[in-house]
file protein-v8.cif (mmCIF, C-alpha atoms and all ligand atoms)
data_entry
loop_
_atom_site.label_atom_id
_atom_site.label_comp_id
_atom_site.auth_asym_id
_atom_site.auth_seq_id
_atom_site.Cartn_x
_atom_site.Cartn_y
_atom_site.Cartn_z
CA MET A 1 37.93 89.47 29.93
CA THR A 2 37.87 86.58 27.54
CA GLU A 3 36.53 83.11 28.10
CA LEU A 4 37.52 79.96 26.26
CA ARG A 5 34.99 77.19 25.82
CA PHE A 6 35.58 73.85 24.16
CA ASN A 7 33.09 73.01 21.43
CA GLU A 8 32.83 69.23 21.73
CA LEU A 9 31.14 68.50 18.40
CA ARG A 10 33.78 70.45 16.45
CA GLY A 11 36.65 69.48 18.73
CA GLU A 12 37.80 73.09 18.88
CA VAL A 13 38.01 76.09 21.18
CA VAL A 14 35.70 79.11 20.85
CA ASP A 15 37.00 82.40 22.27
CA TYR A 16 34.41 84.73 23.85
CA ALA A 17 35.77 88.30 23.86
CA ILE A 18 32.53 90.20 24.27
CA HIS A 19 34.18 93.60 24.86
CA ARG A 20 35.15 93.49 21.18
CA GLN A 21 31.54 94.28 20.30
CA GLU A 22 32.38 97.89 21.25
CA ARG A 23 35.50 98.23 19.11
CA THR A 24 36.06 101.11 16.73
CA PHE A 25 34.19 100.38 13.52
CA LEU A 26 35.18 102.09 10.27
CA PRO A 27 35.77 105.56 11.79
CA ALA A 28 35.66 108.72 9.65
CA ARG A 29 38.85 109.45 7.71
CA ASP A 30 39.94 112.19 10.17
CA HIS A 31 39.32 110.04 13.28
CA CYS A 32 41.63 107.18 12.39
CA PRO A 33 43.11 105.77 15.63
CA LEU A 34 46.14 104.42 13.73
CA ASP A 35 47.21 107.81 12.34
CA PRO A 36 50.12 109.65 13.95
CA THR A 37 49.15 112.23 16.58
CA ARG A 38 49.15 115.65 14.96
CA ALA A 39 49.85 118.93 16.78
CA GLY A 40 46.70 120.25 18.43
CA ALA A 41 44.67 117.15 17.58
CA PRO A 42 43.53 114.43 20.03
CA VAL A 43 46.07 111.72 20.81
CA THR A 44 45.67 108.59 18.66
CA GLU A 45 46.93 105.09 19.53
CA ILE A 46 50.36 106.34 18.46
CA PRO A 47 51.52 109.44 20.39
CA PHE A 48 54.09 110.59 17.83
CA PRO A 49 53.89 113.12 14.97
CA SER A 50 55.31 110.53 12.55
CA PHE A 51 56.50 106.93 12.68
CA GLU A 52 57.69 104.05 10.53
CA ILE A 53 56.27 100.86 12.07
CA ALA A 54 54.31 100.81 15.35
CA VAL A 55 53.37 97.81 17.51
CA PHE A 56 51.05 97.99 20.51
CA ASP A 57 48.57 95.90 22.48
CA ASN A 58 45.14 95.67 20.89
CA ARG A 59 42.73 97.78 22.98
CA PHE A 60 40.02 95.24 22.21
CA PRO A 61 42.00 92.03 22.62
CA ALA A 62 40.82 88.59 21.60
CA PHE A 63 43.50 87.20 23.95
CA GLU A 64 45.32 88.92 26.79
CA SER A 65 47.98 88.20 29.37
CA PRO A 66 48.22 85.88 31.26
CA HIS A 67 46.19 83.89 28.70
CA GLY A 68 47.79 84.97 25.44
CA ALA A 69 48.27 88.24 23.58
CA ALA A 70 46.76 90.40 20.85
CA GLU A 71 48.87 93.08 19.20
CA VAL A 72 48.40 95.56 16.36
CA VAL A 73 51.21 96.18 13.86
CA VAL A 74 50.82 99.45 11.94
CA TYR A 75 52.88 99.34 8.73
CA THR A 76 53.18 103.07 8.06
CA ASP A 77 51.88 106.46 9.17
CA ASP A 78 50.40 106.97 5.69
CA HIS A 79 46.70 106.23 6.00
CA ASP A 80 46.23 105.75 2.27
CA ALA A 81 49.12 103.33 1.70
CA SER A 82 48.81 99.53 1.66
CA PHE A 83 51.11 96.60 2.32
CA ALA A 84 51.63 96.29 -1.44
CA SER A 85 52.65 99.95 -1.83
CA LEU A 86 55.16 100.11 1.04
CA PRO A 87 58.72 100.98 0.00
CA ALA A 88 60.80 97.79 -0.28
CA ARG A 89 62.93 98.71 2.72
CA ARG A 90 59.86 99.26 4.89
CA ALA A 91 58.47 95.86 3.92
CA GLN A 92 61.83 94.32 4.81
CA ALA A 93 61.81 96.13 8.17
CA LEU A 94 58.35 94.67 8.78
CA MET A 95 59.80 91.14 8.43
CA TRP A 96 62.27 92.00 11.21
CA VAL A 97 59.47 93.39 13.39
CA TRP A 98 57.48 90.18 12.85
CA ARG A 99 60.56 88.18 13.76
CA GLN A 100 61.11 90.19 16.95
CA ARG A 101 57.47 89.78 18.02
CA TYR A 102 57.56 86.04 17.24
CA THR A 103 60.64 85.72 19.49
CA GLU A 104 59.27 87.76 22.35
CA LEU A 105 55.72 86.38 22.37
CA GLY A 106 56.95 82.85 21.65
CA ALA A 107 59.13 82.93 24.76
CA ARG A 108 56.11 83.46 27.00
CA ASP A 109 54.80 80.48 28.97
CA ASP A 110 51.17 81.46 28.36
CA ILE A 111 51.60 81.42 24.57
CA GLN A 112 51.69 78.20 22.55
CA TYR A 113 51.35 79.63 19.07
CA VAL A 114 52.22 83.03 17.56
CA TYR A 115 50.05 83.92 14.59
CA ILE A 116 50.82 86.98 12.44
CA PHE A 117 48.11 87.99 9.98
CA GLU A 118 46.49 90.79 8.01
CA ASN A 119 42.85 91.22 7.11
CA ARG A 120 42.55 93.51 4.12
CA GLY A 121 39.27 94.96 2.88
CA VAL A 122 35.74 95.23 4.26
CA GLU A 123 34.98 91.94 2.48
CA VAL A 124 37.01 90.13 5.17
CA GLY A 125 35.70 92.24 8.02
CA VAL A 126 38.26 95.02 8.31
CA THR A 127 37.16 97.69 10.82
CA LEU A 128 40.06 100.13 10.22
CA HIS A 129 41.34 100.97 6.74
CA HIS A 130 44.76 102.21 7.87
CA PRO A 131 47.38 99.66 6.66
CA HIS A 132 48.02 97.31 9.55
CA GLY A 133 48.22 93.70 10.57
CA GLN A 134 47.73 91.84 13.81
CA ILE A 135 49.46 89.25 15.96
CA TYR A 136 47.64 86.82 18.20
CA GLY A 137 49.45 84.79 20.82
CA TYR A 138 47.23 81.75 21.37
CA PRO A 139 47.29 80.09 24.79
CA PHE A 140 46.70 76.77 22.99
CA LEU A 141 47.62 75.20 19.67
CA PRO A 142 44.88 76.26 17.19
CA PRO A 143 43.29 73.68 14.84
CA ILE A 144 44.94 74.80 11.59
CA ALA A 145 48.42 74.41 13.10
CA GLU A 146 47.36 71.04 14.41
CA ARG A 147 46.10 69.94 10.98
CA GLU A 148 49.29 71.10 9.30
CA HIS A 149 51.20 68.94 11.74
CA GLU A 150 48.89 66.01 10.89
CA ALA A 151 49.89 66.60 7.24
CA ASP A 152 53.56 66.22 8.24
CA VAL A 153 52.74 62.89 9.82
CA ARG A 154 50.62 61.77 6.84
CA LEU A 155 53.33 62.70 4.33
CA GLY A 156 56.12 61.23 6.43
CA GLY A 157 58.10 64.47 6.79
CA CYS A 158 57.72 68.23 6.47
CA ALA A 159 54.51 68.82 4.50
CA PRO A 160 55.46 72.26 3.08
CA CYS A 161 58.81 70.81 1.87
CA THR A 162 57.02 67.89 0.18
CA LEU A 163 54.32 70.07 -1.37
CA LEU A 164 56.86 72.64 -2.59
CA ALA A 165 58.85 69.89 -4.33
CA ARG A 166 55.66 68.70 -6.06
CA GLU A 167 54.75 72.21 -7.21
CA LEU A 168 58.26 72.81 -8.55
CA ALA A 169 58.18 69.50 -10.42
CA ASP A 170 54.78 70.32 -11.94
CA ARG A 171 55.26 74.10 -12.38
CA THR A 172 51.74 74.76 -13.72
CA ARG A 173 50.66 76.53 -10.54
CA VAL A 174 53.89 78.42 -9.75
CA VAL A 175 53.22 82.16 -10.09
CA HIS A 176 56.36 83.88 -8.81
CA GLU A 177 59.88 83.01 -7.63
CA THR A 178 62.74 84.70 -5.83
CA ALA A 179 66.13 83.22 -4.88
CA SER A 180 64.68 82.02 -1.55
CA THR A 181 60.91 81.78 -2.08
CA VAL A 182 58.34 80.18 -4.36
CA THR A 183 54.76 81.44 -4.71
CA TYR A 184 52.14 79.05 -6.01
CA VAL A 185 48.43 78.37 -6.12
CA PRO A 186 48.09 75.08 -4.23
CA HIS A 187 47.04 71.91 -6.06
CA ALA A 188 43.86 71.82 -3.96
CA ALA A 189 43.36 75.55 -3.24
CA ARG A 190 40.10 76.28 -1.45
CA TRP A 191 39.77 79.91 -2.58
CA ALA A 192 39.79 80.88 -6.28
CA TYR A 193 42.98 82.95 -5.99
CA GLU A 194 44.51 81.38 -2.91
CA ALA A 195 48.31 81.46 -3.04
CA HIS A 196 51.11 80.33 -0.74
CA VAL A 197 54.54 81.90 -0.44
CA VAL A 198 56.98 79.23 0.78
CA LEU A 199 60.64 79.40 1.79
CA ARG A 200 62.70 77.10 -0.45
CA GLU A 201 64.85 75.93 2.44
CA HIS A 202 63.29 74.30 5.46
CA ARG A 203 62.92 77.20 7.91
CA ALA A 204 60.73 76.59 10.94
CA SER A 205 60.16 80.28 11.53
CA LEU A 206 61.37 83.81 10.75
CA LEU A 207 64.00 83.23 13.43
CA ASP A 208 65.76 80.66 11.25
CA CYS A 209 65.90 82.90 8.19
CA GLU A 210 68.98 84.72 6.97
CA ALA A 211 68.76 88.43 6.15
CA GLY A 212 68.60 87.70 2.42
CA GLU A 213 65.72 85.30 2.92
CA LEU A 214 63.77 87.91 4.87
CA ALA A 215 64.36 90.43 2.07
CA ASP A 216 63.20 87.88 -0.52
CA LEU A 217 60.15 87.05 1.58
CA ALA A 218 59.19 90.74 1.75
CA ALA A 219 59.63 91.03 -2.03
CA ALA A 220 57.59 87.88 -2.67
CA LEU A 221 54.72 89.00 -0.41
CA GLN A 222 54.64 92.45 -1.99
CA GLY A 223 54.90 90.98 -5.49
CA LEU A 224 51.87 88.82 -4.84
CA ALA A 225 49.90 91.63 -3.16
CA ARG A 226 50.59 93.90 -6.16
CA GLY A 227 49.61 91.13 -8.53
CA TYR A 228 46.33 90.76 -6.68
CA ASP A 229 45.61 94.50 -7.04
CA ALA A 230 46.44 94.26 -10.75
CA LEU A 231 44.32 91.14 -11.29
CA PHE A 232 40.96 92.95 -11.39
CA ASP A 233 42.45 96.45 -11.27
CA ARG A 234 40.98 97.15 -7.83
CA PRO A 235 42.17 96.93 -4.22
CA PHE A 236 42.07 93.20 -3.64
CA PRO A 237 40.74 91.92 -0.32
CA TYR A 238 42.53 89.05 1.36
CA VAL A 239 43.48 87.37 4.59
CA MET A 240 47.26 86.99 4.84
CA ALA A 241 48.22 84.20 7.27
CA VAL A 242 51.83 83.67 8.39
CA HIS A 243 52.30 80.05 9.43
CA GLN A 244 55.31 79.19 11.54
CA ALA A 245 56.41 76.59 14.06
CA PRO A 246 54.39 76.47 17.30
CA THR A 247 56.29 77.96 20.23
CA GLY A 248 54.74 75.59 22.77
CA GLY A 249 52.62 72.49 22.69
CA GLY A 250 55.02 69.95 24.13
CA PRO A 251 57.05 67.15 22.57
CA ALA A 252 54.20 65.85 20.38
CA ILE A 253 54.55 68.91 18.16
CA ALA A 254 58.31 69.46 18.49
CA GLY A 255 59.98 70.01 15.14
CA ALA A 256 56.72 70.87 13.38
CA GLY A 257 56.40 73.87 11.14
CA HIS A 258 57.91 75.38 8.00
CA LEU A 259 57.55 79.12 7.49
CA HIS A 260 55.05 79.93 4.75
CA VAL A 261 52.46 82.62 4.15
CA GLU A 262 48.99 81.77 2.89
CA PHE A 263 46.67 84.28 1.21
CA TYR A 264 42.91 83.68 1.17
CA PRO A 265 41.17 86.15 -1.13
CA PRO A 266 37.36 86.03 -0.99
CA LEU A 267 36.83 87.28 -4.57
CA ARG A 268 36.08 84.77 -7.31
CA THR A 269 35.56 87.46 -9.96
CA ALA A 270 36.09 91.24 -9.94
CA GLU A 271 32.61 91.65 -8.44
CA LYS A 272 31.60 88.33 -6.92
CA LEU A 273 32.49 87.02 -3.49
CA LYS A 274 32.84 83.41 -2.48
CA TYR A 275 30.60 82.79 0.51
CA LEU A 276 31.09 79.96 2.93
CA ALA A 277 27.67 78.35 2.79
CA GLY A 278 26.00 74.97 3.20
CA SER A 279 28.73 72.64 2.02
CA GLU A 280 31.64 74.65 3.45
CA GLN A 281 29.99 75.34 6.82
CA GLY A 282 27.92 72.24 7.37
CA ALA A 283 30.03 69.56 5.72
CA GLY A 284 33.47 71.18 5.69
CA THR A 285 33.92 70.71 1.94
CA PHE A 286 34.81 73.65 -0.30
CA ILE A 287 33.08 73.82 -3.66
CA SER A 288 35.11 75.87 -6.15
CA ASP A 289 34.03 77.39 -9.48
CA THR A 290 37.58 77.73 -10.76
CA LEU A 291 40.56 75.43 -11.31
CA PRO A 292 43.84 76.31 -9.53
CA GLU A 293 45.79 75.94 -12.82
CA ASP A 294 43.60 78.57 -14.54
CA SER A 295 43.81 80.93 -11.56
CA ALA A 296 47.58 80.50 -11.48
CA ALA A 297 47.89 81.52 -15.14
CA LEU A 298 45.84 84.68 -14.53
CA LEU A 299 47.73 85.50 -11.35
CA ARG A 300 51.12 84.93 -13.02
CA ALA A 301 50.18 87.42 -15.75
CA ALA A 302 48.86 89.91 -13.17
CA ILE A 303 52.09 89.75 -11.15
CA ALA A 304 54.13 90.26 -14.33
CA ARG A 305 52.17 93.36 -15.33
CA ALA A 306 51.82 94.85 -11.82
CA PRO A 307 53.82 98.05 -11.44
CA MET A 308 57.06 97.59 -9.51
CA ARG A 309 57.19 100.11 -6.73
CA GLY A 310 59.10 101.12 -3.69
CA GLU A 311 62.62 100.40 -4.94
CA GLY A 312 65.13 102.09 -2.72
CA GLY A 313 62.98 104.34 -0.54
CA SER A 314 62.50 103.96 3.17
ZN ZN B 1 44.82 106.15 9.43
ZN ZN B 2 60.06 72.02 5.46
ZN ZN B 3 49.85 76.86 6.33
#

call {"tool": "encode", "arguments": {"input": "protein-v8.cif", "output": "structure tokens", "more": "lines below"}}
Ligand SMILES: [Zn+2]
Ligand SMILES: [Zn+2]
Ligand SMILES: [Zn+2]
result
Amino acid sequence: MTELRFNELRGEVVDYAIHRQERTFLPARDHCPLDPTRAGAPVTEIPFPSFEIAVFDNRFPAFESPHGAAEVVVYTDDHDASFASLPARRAQALMWVWRQRYTELGARDDIQYVYIFENRGVEVGVTLHHPHGQIYGYPFLPPIAEREHEADVRLGGCAPCTLLARELADRTRVVHETASTVTYVPHAARWAYEAHVVLREHRASLLDCEAGELADLAAALQGLARGYDALFDRPFPYVMAVHQAPTGGGPAIAGAGHLHVEFYPPLRTAEKLKYLAGSEQGAGTFISDTLPEDSAALLRAAIARAPMRGEGGS
């Protein structure tokens, strides 16, 4: 059972999902619930001896039907892989899985907003190391989506389109490009190595993308993830947030949304974490020790030197 309460002072919903207190927390390597089920061993979440991509309902859901959804997306049966190290074709297949889940969850009446994301690394609270992401179907429009729509109104049109045009005109913060995507550190990034991967054409969601655009998106996301790992030569923690058009929310929000993927890495150096403290928590203002232009230069070099992997395989 989950309970939603409205926090008046913040103007936002808080979700109480107290059963999650009991969820599996960093199990031993040989008790990974996201591994395939091996002959003679106990059944894991995935009752097959091998698999490519698996999607199932989260056993410890933050939202559940008929008030939303929470799903787990396992990227591979290889426990020691990562999103960055997936073969290119697997990463492309993941884009199609995301698209299918967006369609199916978005069609539900109890879901207003489909949010695909990955938490990577204990620094952002990961409880299972096996490479996986999650999908939440929110029964309401969450605040970040609402604020992005406010940006559309403020800028007099699609905010991601406007901001992309500015970044391409300036170029100092662009770190990677494909035929259909641009990756940049935003002009006013909040995290030291925050980066956004944006579709060049206005695409409200994965549903509006052509096959080539999905392939480019997969390549761009992997290119950035590999660049992150190369930046400090260590597995790089991040939150990866896929922002798309709301699937509900009524006419006020109709037409909002432009597919883009935001990465929030908590590291500000190889060793030091950025903590959300007094100013960030109590005043809502980020204080940064680094300039986006300098981070972009370092990230651009890291992406260029990161090993290319996964060409061809499945
Ligand atoms: Zn595993
Ligand atoms: Zn747009
Ligand atoms: Zn966004």

call {"tool": "atom_distance", "arguments": {"input": "protein-v8.cif", "atom1": "CA of Ala39 (chain A)", "atom2": "CA of Gly133 (chain A)"}}
result
26.0 Å

call {"tool": "closest_residue", "arguments": {"input": "protein-v8.cif", "among": "A:Tyr75, A:Tyr275, A:Phe140, A:Tyr193", "to": "ligand ZN 1 (chain B)", "atoms": "all atoms listed in the file"}}
result
A:Tyr75

call {"tool": "residues_near_ligand", "arguments": {"input": "protein-v8.cif", "ligand": "ligand ZN 1 (chain B)", "cutoff": "7 Å", "atoms": "only C-alpha atoms and all ligand atoms", "output": "list in words"}}
result
Cys32, Pro33, Leu34, Asp35, Asp78, His79, His129 and His130 of chain A

call {"tool": "write_last_selection", "arguments": {"input": "protein-v8.cif", "atoms": "C-alpha atoms", "output": "short mmCIF file (atom, residue, chain, number, x, y, z; two decimals), in the coordinates of the input"}}
result
data_model
loop_
_atom_site.label_atom_id
_atom_site.label_comp_id
_atom_site.auth_asym_id
_atom_site.auth_seq_id
_atom_site.Cartn_x
_atom_site.Cartn_y
_atom_site.Cartn_z
CA CYS A 32 41.63 107.18 12.39
CA PRO A 33 43.11 105.77 15.63
CA LEU A 34 46.14 104.42 13.73
CA ASP A 35 47.21 107.81 12.34
CA ASP A 78 50.40 106.97 5.69
CA HIS A 79 46.70 106.23 6.00
CA HIS A 129 41.34 100.97 6.74
CA HIS A 130 44.76 102.21 7.87
#

call {"tool": "residues_near_ligand", "arguments": {"input": "protein-v8.cif", "ligand": "ligand ZN 3 (chain B)", "cutoff": "10 Å", "atoms": "all atoms listed in the file", "output": "ChimeraX atom specification"}}
result
/A:144-145,147-149,159-160,196-198,241-244,257-263

call {"tool": "atom_distance", "arguments": {"input": "protein-v8.cif", "atom1": "CA of Ile303 (chain A)", "atom2": "CA of Gly223 (chain A)"}}
result
6.4 Å

call {"tool": "atom_distance", "arguments": {"input": "protein-v8.cif", "atom1": "CA of Ile18 (chain A)", "atom2": "CA of Gln134 (chain A)"}}
result
18.5 Å

call {"tool": "closest_atom_pairs", "arguments": {"input": "protein-v8.cif", "of": "chain A", "to": "ligand ZN 2 (chain B)", "cutoff": "9 Å", "atoms": "all atoms listed in the file", "output": "CSV"}}
result
residue,atom,partner,partner_atom,distance
A:Gly157,CA,B:ZN2,ZN,7.9
A:Cys158,CA,B:ZN2,ZN,4.6
A:Ala159,CA,B:ZN2,ZN,6.5
A:Pro160,CA,B:ZN2,ZN,5.2
A:Cys161,CA,B:ZN2,ZN,4.0
A:Thr162,CA,B:ZN2,ZN,7.4
A:Leu164,CA,B:ZN2,ZN,8.7
A:Leu199,CA,B:ZN2,ZN,8.3
A:Arg200,CA,B:ZN2,ZN,8.2
A:Glu201,CA,B:ZN2,ZN,6.9
A:His202,CA,B:ZN2,ZN,4.0
A:Arg203,CA,B:ZN2,ZN,6.4
A:Ala204,CA,B:ZN2,ZN,7.2
A:Ala256,CA,B:ZN2,ZN,8.7
A:Gly257,CA,B:ZN2,ZN,7.0
A:His258,CA,B:ZN2,ZN,4.7
A:Leu259,CA,B:ZN2,ZN,7.8

call {"tool": "write_last_selection", "arguments": {"input": "protein-v8.cif", "atoms": "C-alpha atoms", "output": "PDB file, in the coordinates of the input"}}
result
ATOM      1  CA  GLY A 157      58.100  64.470   6.790  1.00  0.00           C
ATOM      2  CA  CYS A 158      57.720  68.230   6.470  1.00  0.00           C
ATOM      3  CA  ALA A 159      54.510  68.820   4.500  1.00  0.00           C
ATOM      4  CA  PRO A 160      55.460  72.260   3.080  1.00  0.00           C
ATOM      5  CA  CYS A 161      58.810  70.810   1.870  1.00  0.00           C
ATOM      6  CA  THR A 162      57.020  67.890   0.180  1.00  0.00           C
ATOM      7  CA  LEU A 164      56.860  72.640  -2.590  1.00  0.00           C
ATOM      8  CA  LEU A 199      60.640  79.400   1.790  1.00  0.00           C
ATOM      9  CA  ARG A 200      62.700  77.100  -0.450  1.00  0.00           C
ATOM     10  CA  GLU A 201      64.850  75.930   2.440  1.00  0.00           C
ATOM     11  CA  HIS A 202      63.290  74.300   5.460  1.00  0.00           C
ATOM     12  CA  ARG A 203      62.920  77.200   7.910  1.00  0.00           C
ATOM     13  CA  ALA A 204      60.730  76.590  10.940  1.00  0.00           C
ATOM     14  CA  ALA A 256      56.720  70.870  13.380  1.00  0.00           C
ATOM     15  CA  GLY A 257      56.400  73.870  11.140  1.00  0.00           C
ATOM     16  CA  HIS A 258      57.910  75.380   8.000  1.00  0.00           C
ATOM     17  CA  LEU A 259      57.550  79.120   7.490  1.00  0.00           C
TER      18      LEU A 259
END
